[in-house]
file upload.pdb (PDB, C-alpha atoms, pLDDT in the B column)
MODEL        1
ATOM      1  CA  MET Q   1       6.181  37.307  31.129  1.00 50.00           C
ATOM      2  CA  ASN Q   2       4.695  36.404  27.725  1.00 57.00           C
ATOM      3  CA  LEU Q   3       5.049  33.079  25.988  1.00 51.00           C
ATOM      4  CA  GLU Q   4       3.728  33.031  22.427  1.00 55.00           C
ATOM      5  CA  MET Q   5       3.017  29.839  20.499  1.00 55.00           C
ATOM      6  CA  GLY Q   6       1.448  30.374  17.099  1.00 70.00           C
ATOM      7  CA  ILE Q   7      -2.083  31.683  17.620  1.00 72.00           C
ATOM      8  CA  ILE Q   8      -2.194  31.137  21.372  1.00 69.00           C
ATOM      9  CA  LYS Q   9      -0.716  33.624  23.810  1.00 72.00           C
ATOM     10  CA  VAL Q  10      -0.149  32.758  27.462  1.00 71.00           C
ATOM     11  CA  ASP Q  11       0.381  35.510  30.047  1.00 78.00           C
ATOM     12  CA  VAL Q  12       1.813  34.618  33.440  1.00 78.00           C
ATOM     13  CA  SER Q  13       2.086  37.125  36.260  1.00 85.00           C
ATOM     14  CA  ILE Q  14       4.543  36.404  39.054  1.00 89.00           C
ATOM     15  CA  PRO Q  15       2.075  37.235  41.894  1.00 89.00           C
ATOM     16  CA  GLU Q  16      -0.571  34.946  40.351  1.00 84.00           C
ATOM     17  CA  LEU Q  17       2.039  32.220  39.942  1.00 84.00           C
ATOM     18  CA  ALA Q  18       3.010  32.544  43.610  1.00 88.00           C
ATOM     19  CA  ARG Q  19      -0.682  32.214  44.629  1.00 85.00           C
ATOM     20  CA  ALA Q  20      -1.044  29.181  42.356  1.00 84.00           C
ATOM     21  CA  LEU Q  21       1.966  27.516  44.007  1.00 87.00           C
ATOM     22  CA  GLU Q  22       0.415  28.131  47.430  1.00 88.00           C
ATOM     23  CA  GLU Q  23      -2.803  26.484  46.243  1.00 86.00           C
ATOM     24  CA  PHE Q  24      -0.810  23.471  45.020  1.00 87.00           C
ATOM     25  CA  LYS Q  25       0.772  23.169  48.476  1.00 89.00           C
ATOM     26  CA  LYS Q  26      -2.656  23.245  50.185  1.00 91.00           C
ATOM     27  CA  ASN Q  27      -4.610  20.920  47.906  1.00 90.00           C
ATOM     28  CA  ARG Q  28      -2.899  19.625  44.795  1.00 89.00           C
ATOM     29  CA  LEU Q  29      -5.985  17.907  43.302  1.00 88.00           C
ATOM     30  CA  LYS Q  30      -8.153  21.004  43.665  1.00 87.00           C
ATOM     31  CA  ALA Q  31      -5.392  23.164  42.172  1.00 85.00           C
ATOM     32  CA  LEU Q  32      -5.099  20.791  39.197  1.00 86.00           C
ATOM     33  CA  GLU Q  33      -8.872  20.963  38.670  1.00 86.00           C
ATOM     34  CA  THR Q  34      -8.715  24.768  38.715  1.00 86.00           C
ATOM     35  CA  PHE Q  35      -5.785  24.749  36.311  1.00 84.00           C
ATOM     36  CA  THR Q  36      -7.612  22.370  33.952  1.00 86.00           C
ATOM     37  CA  SER Q  37     -10.703  24.559  34.073  1.00 88.00           C
ATOM     38  CA  GLU Q  38      -8.662  27.637  33.159  1.00 87.00           C
ATOM     39  CA  VAL Q  39      -6.969  25.805  30.277  1.00 88.00           C
ATOM     40  CA  LYS Q  40     -10.384  24.691  28.957  1.00 91.00           C
ATOM     41  CA  SER Q  41     -11.660  28.253  29.196  1.00 91.00           C
ATOM     42  CA  ALA Q  42      -8.615  29.611  27.325  1.00 90.00           C
ATOM     43  CA  VAL Q  43      -8.969  26.976  24.574  1.00 92.00           C
ATOM     44  CA  SER Q  44     -12.699  27.716  24.277  1.00 94.00           C
ATOM     45  CA  ASP Q  45     -12.034  31.470  24.013  1.00 93.00           C
ATOM     46  CA  THR Q  46      -9.360  30.886  21.358  1.00 92.00           C
ATOM     47  CA  ILE Q  47     -11.576  28.637  19.234  1.00 94.00           C
ATOM     48  CA  ASN Q  48     -14.447  31.129  19.529  1.00 96.00           C
ATOM     49  CA  GLN Q  49     -12.166  33.945  18.337  1.00 94.00           C
ATOM     50  CA  ILE Q  50     -11.044  31.831  15.384  1.00 94.00           C
ATOM     51  CA  LEU Q  51     -14.665  31.002  14.511  1.00 96.00           C
ATOM     52  CA  ARG Q  52     -15.583  34.722  14.586  1.00 96.00           C
ATOM     53  CA  ALA Q  53     -12.607  35.509  12.327  1.00 95.00           C
ATOM     54  CA  GLU Q  54     -13.602  32.690   9.984  1.00 95.00           C
ATOM     55  CA  MET Q  55     -17.104  34.196   9.736  1.00 96.00           C
ATOM     56  CA  SER Q  56     -15.641  37.657   9.014  1.00 95.00           C
ATOM     57  CA  ILE Q  57     -13.543  36.219   6.186  1.00 95.00           C
ATOM     58  CA  PHE Q  58     -16.593  34.369   4.823  1.00 95.00           C
ATOM     59  CA  LEU Q  59     -18.750  37.520   4.874  1.00 94.00           C
ATOM     60  CA  GLY Q  60     -15.971  39.411   3.048  1.00 92.00           C
ATOM     61  CA  ASP Q  61     -16.150  37.060   0.059  1.00 91.00           C
ATOM     62  CA  PRO Q  62     -17.725  38.298  -3.184  1.00 89.00           C
ATOM     63  CA  GLY Q  63     -21.343  37.177  -3.322  1.00 88.00           C
ATOM     64  CA  GLN Q  64     -21.862  37.657   0.419  1.00 89.00           C
ATOM     65  CA  GLU Q  65     -22.359  41.457   0.299  1.00 90.00           C
ATOM     66  CA  SER Q  66     -26.031  41.203   1.319  1.00 93.00           C
ATOM     67  CA  ASN Q  67     -25.374  38.510   3.948  1.00 94.00           C
ATOM     68  CA  LYS Q  68     -24.888  39.441   7.609  1.00 94.00           C
ATOM     69  CA  ARG Q  69     -24.170  37.792  10.946  1.00 94.00           C
ATOM     70  CA  ASN Q  70     -27.223  36.344  12.650  1.00 93.00           C
ATOM     71  CA  GLY Q  71     -26.142  35.201  16.107  1.00 94.00           C
ATOM     72  CA  TYR Q  72     -24.495  32.030  17.347  1.00 95.00           C
ATOM     73  CA  GLU Q  73     -25.241  28.386  17.935  1.00 95.00           C
ATOM     74  CA  GLU Q  74     -23.851  27.328  21.306  1.00 95.00           C
ATOM     75  CA  LYS Q  75     -22.763  23.738  21.693  1.00 93.00           C
ATOM     76  CA  GLU Q  76     -20.359  21.502  23.534  1.00 91.00           C
ATOM     77  CA  TYR Q  77     -17.420  20.153  21.592  1.00 93.00           C
ATOM     78  CA  ALA Q  78     -15.184  17.336  22.813  1.00 90.00           C
ATOM     79  CA  LEU Q  79     -11.537  18.076  22.112  1.00 90.00           C
ATOM     80  CA  LYS Q  80      -8.770  15.503  22.541  1.00 88.00           C
ATOM     81  CA  GLY Q  81      -6.550  16.304  25.498  1.00 85.00           C
ATOM     82  CA  ILE Q  82      -8.910  19.015  26.726  1.00 88.00           C
ATOM     83  CA  GLY Q  83     -12.358  17.478  27.238  1.00 87.00           C
ATOM     84  CA  CYS Q  84     -15.694  19.186  26.605  1.00 89.00           C
ATOM     85  CA  ILE Q  85     -15.632  22.901  25.907  1.00 93.00           C
ATOM     86  CA  ARG Q  86     -18.435  25.369  25.142  1.00 94.00           C
ATOM     87  CA  ILE Q  87     -18.170  26.955  21.732  1.00 95.00           C
ATOM     88  CA  ARG Q  88     -20.243  29.530  19.871  1.00 96.00           C
ATOM     89  CA  VAL Q  89     -20.460  28.787  16.155  1.00 96.00           C
ATOM     90  CA  PRO Q  90     -21.475  31.937  14.219  1.00 96.00           C
ATOM     91  CA  ILE Q  91     -24.556  31.842  12.004  1.00 95.00           C
ATOM     92  CA  ASP Q  92     -25.240  34.023   8.970  1.00 95.00           C
ATOM     93  CA  ARG Q  93     -28.682  35.125   7.788  1.00 95.00           C
ATOM     94  CA  LYS Q  94     -28.563  33.017   4.629  1.00 94.00           C
ATOM     95  CA  ARG Q  95     -27.264  29.954   6.514  1.00 93.00           C
ATOM     96  CA  LYS Q  96     -24.474  29.475   3.976  1.00 93.00           C
ATOM     97  CA  PHE Q  97     -21.547  29.561   6.424  1.00 94.00           C
ATOM     98  CA  ASN Q  98     -19.872  26.213   7.073  1.00 94.00           C
ATOM     99  CA  SER Q  99     -16.927  26.310   9.443  1.00 95.00           C
ATOM    100  CA  LEU Q 100     -13.751  24.479   8.510  1.00 94.00           C
ATOM    101  CA  ILE Q 101     -12.748  24.498  12.178  1.00 93.00           C
ATOM    102  CA  ILE Q 102     -15.888  22.851  13.591  1.00 94.00           C
ATOM    103  CA  PRO Q 103     -18.001  21.319  10.795  1.00 93.00           C
ATOM    104  CA  LYS Q 104     -21.784  21.224  11.179  1.00 90.00           C
ATOM    105  CA  ARG Q 105     -23.103  18.434  13.387  1.00 88.00           C
ATOM    106  CA  GLU Q 106     -19.592  17.480  14.528  1.00 90.00           C
ATOM    107  CA  GLN Q 107     -19.533  17.179  18.310  1.00 89.00           C
ATOM    108  CA  MET Q 108     -16.236  15.426  18.807  1.00 89.00           C
ATOM    109  CA  ASP Q 109     -12.645  15.795  17.661  1.00 90.00           C
ATOM    110  CA  PRO Q 110     -12.044  13.051  15.032  1.00 89.00           C
ATOM    111  CA  ARG Q 111      -8.840  12.063  16.877  1.00 88.00           C
ATOM    112  CA  LEU Q 112     -10.944  11.306  19.947  1.00 86.00           C
ATOM    113  CA  LYS Q 113     -13.168   9.018  17.882  1.00 85.00           C
ATOM    114  CA  GLN Q 114     -10.059   7.154  16.732  1.00 85.00           C
ATOM    115  CA  ASP Q 115      -8.940   6.727  20.347  1.00 85.00           C
ATOM    116  CA  ILE Q 116     -12.361   5.404  21.345  1.00 84.00           C
ATOM    117  CA  ALA Q 117     -12.267   2.936  18.449  1.00 84.00           C
ATOM    118  CA  ALA Q 118      -8.763   1.786  19.446  1.00 84.00           C
ATOM    119  CA  LEU Q 119      -9.873   1.233  23.057  1.00 83.00           C
ATOM    120  CA  HIS Q 120     -12.902  -0.685  21.831  1.00 81.00           C
ATOM    121  CA  LEU Q 121     -10.810  -2.838  19.486  1.00 81.00           C
ATOM    122  CA  SER Q 122      -8.430  -3.604  22.355  1.00 84.00           C
ATOM    123  CA  GLY Q 123     -11.263  -5.415  24.085  1.00 85.00           C
ATOM    124  CA  ILE Q 124     -13.086  -2.816  26.171  1.00 85.00           C
ATOM    125  CA  SER Q 125     -16.828  -3.237  25.698  1.00 84.00           C
ATOM    126  CA  THR Q 126     -19.087  -0.449  24.451  1.00 82.00           C
ATOM    127  CA  ARG Q 127     -20.868  -0.405  27.804  1.00 83.00           C
ATOM    128  CA  THR Q 128     -17.627  -0.139  29.803  1.00 86.00           C
ATOM    129  CA  LEU Q 129     -16.247   2.542  27.500  1.00 84.00           C
ATOM    130  CA  ALA Q 130     -19.440   4.556  27.856  1.00 81.00           C
ATOM    131  CA  MET Q 131     -19.196   4.243  31.649  1.00 82.00           C
ATOM    132  CA  ILE Q 132     -15.538   5.238  31.978  1.00 82.00           C
ATOM    133  CA  SER Q 133     -15.318   7.758  29.121  1.00 80.00           C
ATOM    134  CA  LYS Q 134     -15.891  10.820  31.300  1.00 77.00           C
ATOM    135  CA  ARG Q 135     -13.177   9.794  33.738  1.00 78.00           C
ATOM    136  CA  ILE Q 136     -10.562   8.769  31.172  1.00 74.00           C
ATOM    137  CA  LEU Q 137     -11.282  10.914  28.114  1.00 71.00           C
ATOM    138  CA  GLY Q 138     -12.985  13.887  29.766  1.00 73.00           C
ATOM    139  CA  VAL Q 139     -16.016  13.330  27.554  1.00 75.00           C
ATOM    140  CA  GLU Q 140     -19.209  11.467  28.354  1.00 79.00           C
ATOM    141  CA  ILE Q 141     -20.087   9.250  25.414  1.00 80.00           C
ATOM    142  CA  SER Q 142     -22.916   6.861  24.667  1.00 81.00           C
ATOM    143  CA  LYS Q 143     -22.685   3.210  23.662  1.00 78.00           C
ATOM    144  CA  TYR Q 144     -23.910   4.314  20.231  1.00 80.00           C
ATOM    145  CA  THR Q 145     -21.000   6.768  19.854  1.00 80.00           C
ATOM    146  CA  VAL Q 146     -18.543   3.997  20.746  1.00 78.00           C
ATOM    147  CA  SER Q 147     -20.010   1.749  18.052  1.00 77.00           C
ATOM    148  CA  GLU Q 148     -20.097   4.638  15.579  1.00 79.00           C
ATOM    149  CA  SER Q 149     -16.429   5.436  16.247  1.00 79.00           C
ATOM    150  CA  LEU Q 150     -15.418   2.109  14.724  1.00 77.00           C
ATOM    151  CA  ALA Q 151     -16.164   3.628  11.303  1.00 78.00           C
ATOM    152  CA  THR Q 152     -13.083   5.840  11.745  1.00 75.00           C
ATOM    153  CA  VAL Q 153     -10.771   2.813  11.719  1.00 76.00           C
ATOM    154  CA  GLU Q 154     -12.849   0.472   9.565  1.00 76.00           C
ATOM    155  CA  GLU Q 155     -10.836   1.022   6.381  1.00 78.00           C
ATOM    156  CA  LYS Q 156      -7.506   0.323   8.100  1.00 77.00           C
ATOM    157  CA  ALA Q 157      -8.930  -2.680   9.954  1.00 75.00           C
ATOM    158  CA  LEU Q 158     -10.297  -4.201   6.740  1.00 79.00           C
ATOM    159  CA  TRP Q 159      -6.962  -3.642   5.001  1.00 83.00           C
ATOM    160  CA  TRP Q 160      -5.186  -5.424   7.840  1.00 77.00           C
ATOM    161  CA  LEU Q 161      -7.627  -8.357   7.778  1.00 77.00           C
ATOM    162  CA  GLU Q 162      -7.397  -8.733   3.989  1.00 83.00           C
ATOM    163  CA  ARG Q 163      -3.642  -8.199   3.631  1.00 83.00           C
ATOM    164  CA  LEU Q 164      -1.516 -10.828   1.935  1.00 84.00           C
ATOM    165  CA  ILE Q 165       0.640 -12.744   4.359  1.00 82.00           C
ATOM    166  CA  GLN Q 166       3.952 -13.445   2.708  1.00 80.00           C
ATOM    167  CA  GLU Q 167       5.837 -15.080   5.546  1.00 76.00           C
ATOM    168  CA  GLU Q 168       5.033 -18.196   7.516  1.00 74.00           C
ATOM    169  CA  TYR Q 169       4.062 -17.497  11.118  1.00 63.00           C
TER     170      TYR Q 169
ENDMDL
END
call {"tool": "encode", "arguments": {"input": "upload.pdb", "output": "structure tokens"}}
result
Amino acid sequence: MNLEMGIIKVDVSIPELARALEEFKKNRLKALETFTSEVKSAVSDTINQILRAEMSIFLGDPGQESNKRNGYEEKEYALKGIGCIRIRVPIDRKRKFNSLIIPKREQMDPRLKQDIAALHLSGISTRTLAMISKRILGVEISKYTVSESLATVEEKALWWLERLIQEEY
């Protein structure tokens, strides 16, 4: 059975599904951990394929005829709803390639930063957020990252604070 959704393809075999159901009967939490691990691996593989394709397109551009691939930079990337995944960002010899998918020095999905900022603004301290981030968000973050994430909502927060209040409260 094949289920296709855009660029992601999911294959399910009936015998494997039957084994998975047996595992859920035995130990549901362990089965969920295994399932999560497989989803992370599939997402990581998909992103890596997209990054390789992006590099191929870049190297096909005029002006890149003398440029070639020059390995990969491996890093962890925190993706909302998935957690930390290992990705391999391609590198070219001239170091001109900049991915649109995973920009240089970005280690976290911007949506995740917004969520961290929202949790912090709701009253959870930077220290507490740093402590519980791995459990709740699937990503271990530092107190510095929590503070830095506030920049993602700063513009909206300032607008809200400076807005004109027309009605009497």
call {"tool": "residues_around", "arguments": {"input": "upload.pdb", "residues": "Q:Ser149", "least_positions_apart": "3", "cutoff": "7 Å", "atoms": "all atoms listed in the file", "output": "ChimeraX atom specification"}}
result
/Q:113-114,116-117,145-146,152
call {"tool": "atom_distance", "arguments": {"input": "upload.pdb", "atom1": "atom CA of Q:Ile124", "atom2": "atom CA of Q:Arg86"}}
result
28.7 Å
call {"tool": "closest_atom_pairs", "arguments": {"input": "upload.pdb", "of": "stretch 36-65 of chain Q", "to": "stretch 92-98 of chain Q", "cutoff": "12 Å", "atoms": "only C-alpha atoms", "output": "Markdown table"}}
result
| residue | atom | partner | partner_atom | distance |
| --- | --- | --- | --- | --- |
| Q:Leu51 | CA | Q:Asn98 | CA | 10.3 |
| Q:Arg52 | CA | Q:Asp92 | CA | 11.2 |
| Q:Glu54 | CA | Q:Phe97 | CA | 9.3 |
| Q:Met55 | CA | Q:Phe97 | CA | 7.2 |
| Q:Ser56 | CA | Q:Asp92 | CA | 10.3 |
| Q:Ile57 | CA | Q:Phe97 | CA | 10.4 |
| Q:Phe58 | CA | Q:Phe97 | CA | 7.1 |
| Q:Leu59 | CA | Q:Asp92 | CA | 8.4 |
| Q:Gly60 | CA | Q:Phe97 | CA | 11.8 |
| Q:Asp61 | CA | Q:Phe97 | CA | 11.2 |
| Q:Gly63 | CA | Q:Lys96 | CA | 11.1 |
| Q:Gln64 | CA | Q:Lys94 | CA | 9.2 |
| Q:Glu65 | CA | Q:Lys94 | CA | 11.3 |
call {"tool": "atom_distance", "arguments": {"input": "upload.pdb", "atom1": "atom CA of Q:Ile87", "atom2": "atom CA of Q:Glu73"}}
result
8.2 Å
call {"tool": "atom_distance", "arguments": {"input": "upload.pdb", "atom1": "atom CA of Q:Val153", "atom2": "atom CA of Q:Ser44"}}
result
28.0 Å
call {"tool": "residues_around", "arguments": {"input": "upload.pdb", "residues": "stretch 22-38 of chain Q", "least_positions_apart": "3", "cutoff": "12 Å", "atoms": "only C-alpha atoms", "output": "number ranges by chain"}}
result
Q: 10, 15-19, 41-45, 81-86, 138
call {"tool": "closest_residue", "arguments": {"input": "upload.pdb", "among": "Q:Ser13, Q:Val139, Q:Leu121, Q:Gln49", "to": "Q:Glu154", "atoms": "all atoms listed in the file"}}
result
Q:Leu121
call {"tool": "axis_aligned_box", "arguments": {"input": "upload.pdb", "around": "stretch 64-70 of chain Q", "padding_each_side": "5 Å", "output": "lines of an AutoDock Vina configuration file"}}
result
center_x = -24.5
center_y = 38.9
center_z = 6.5
size_x = 15.4
size_y = 15.1
size_z = 22.4
call {"tool": "closest_residue", "arguments": {"input": "upload.pdb", "among": "Q:Gly71, Q:Tyr77, Q:Leu137, Q:Trp159", "to": "Q:Gln107", "atoms": "all atoms listed in the file"}}
result
Q:Tyr77
call {"tool": "closest_residue", "arguments": {"input": "upload.pdb", "among": "Q:Leu150, Q:Val89, Q:Leu100, Q:Ser142", "to": "Q:Asp115", "atoms": "only C-alpha atoms"}}
result
Q:Leu150
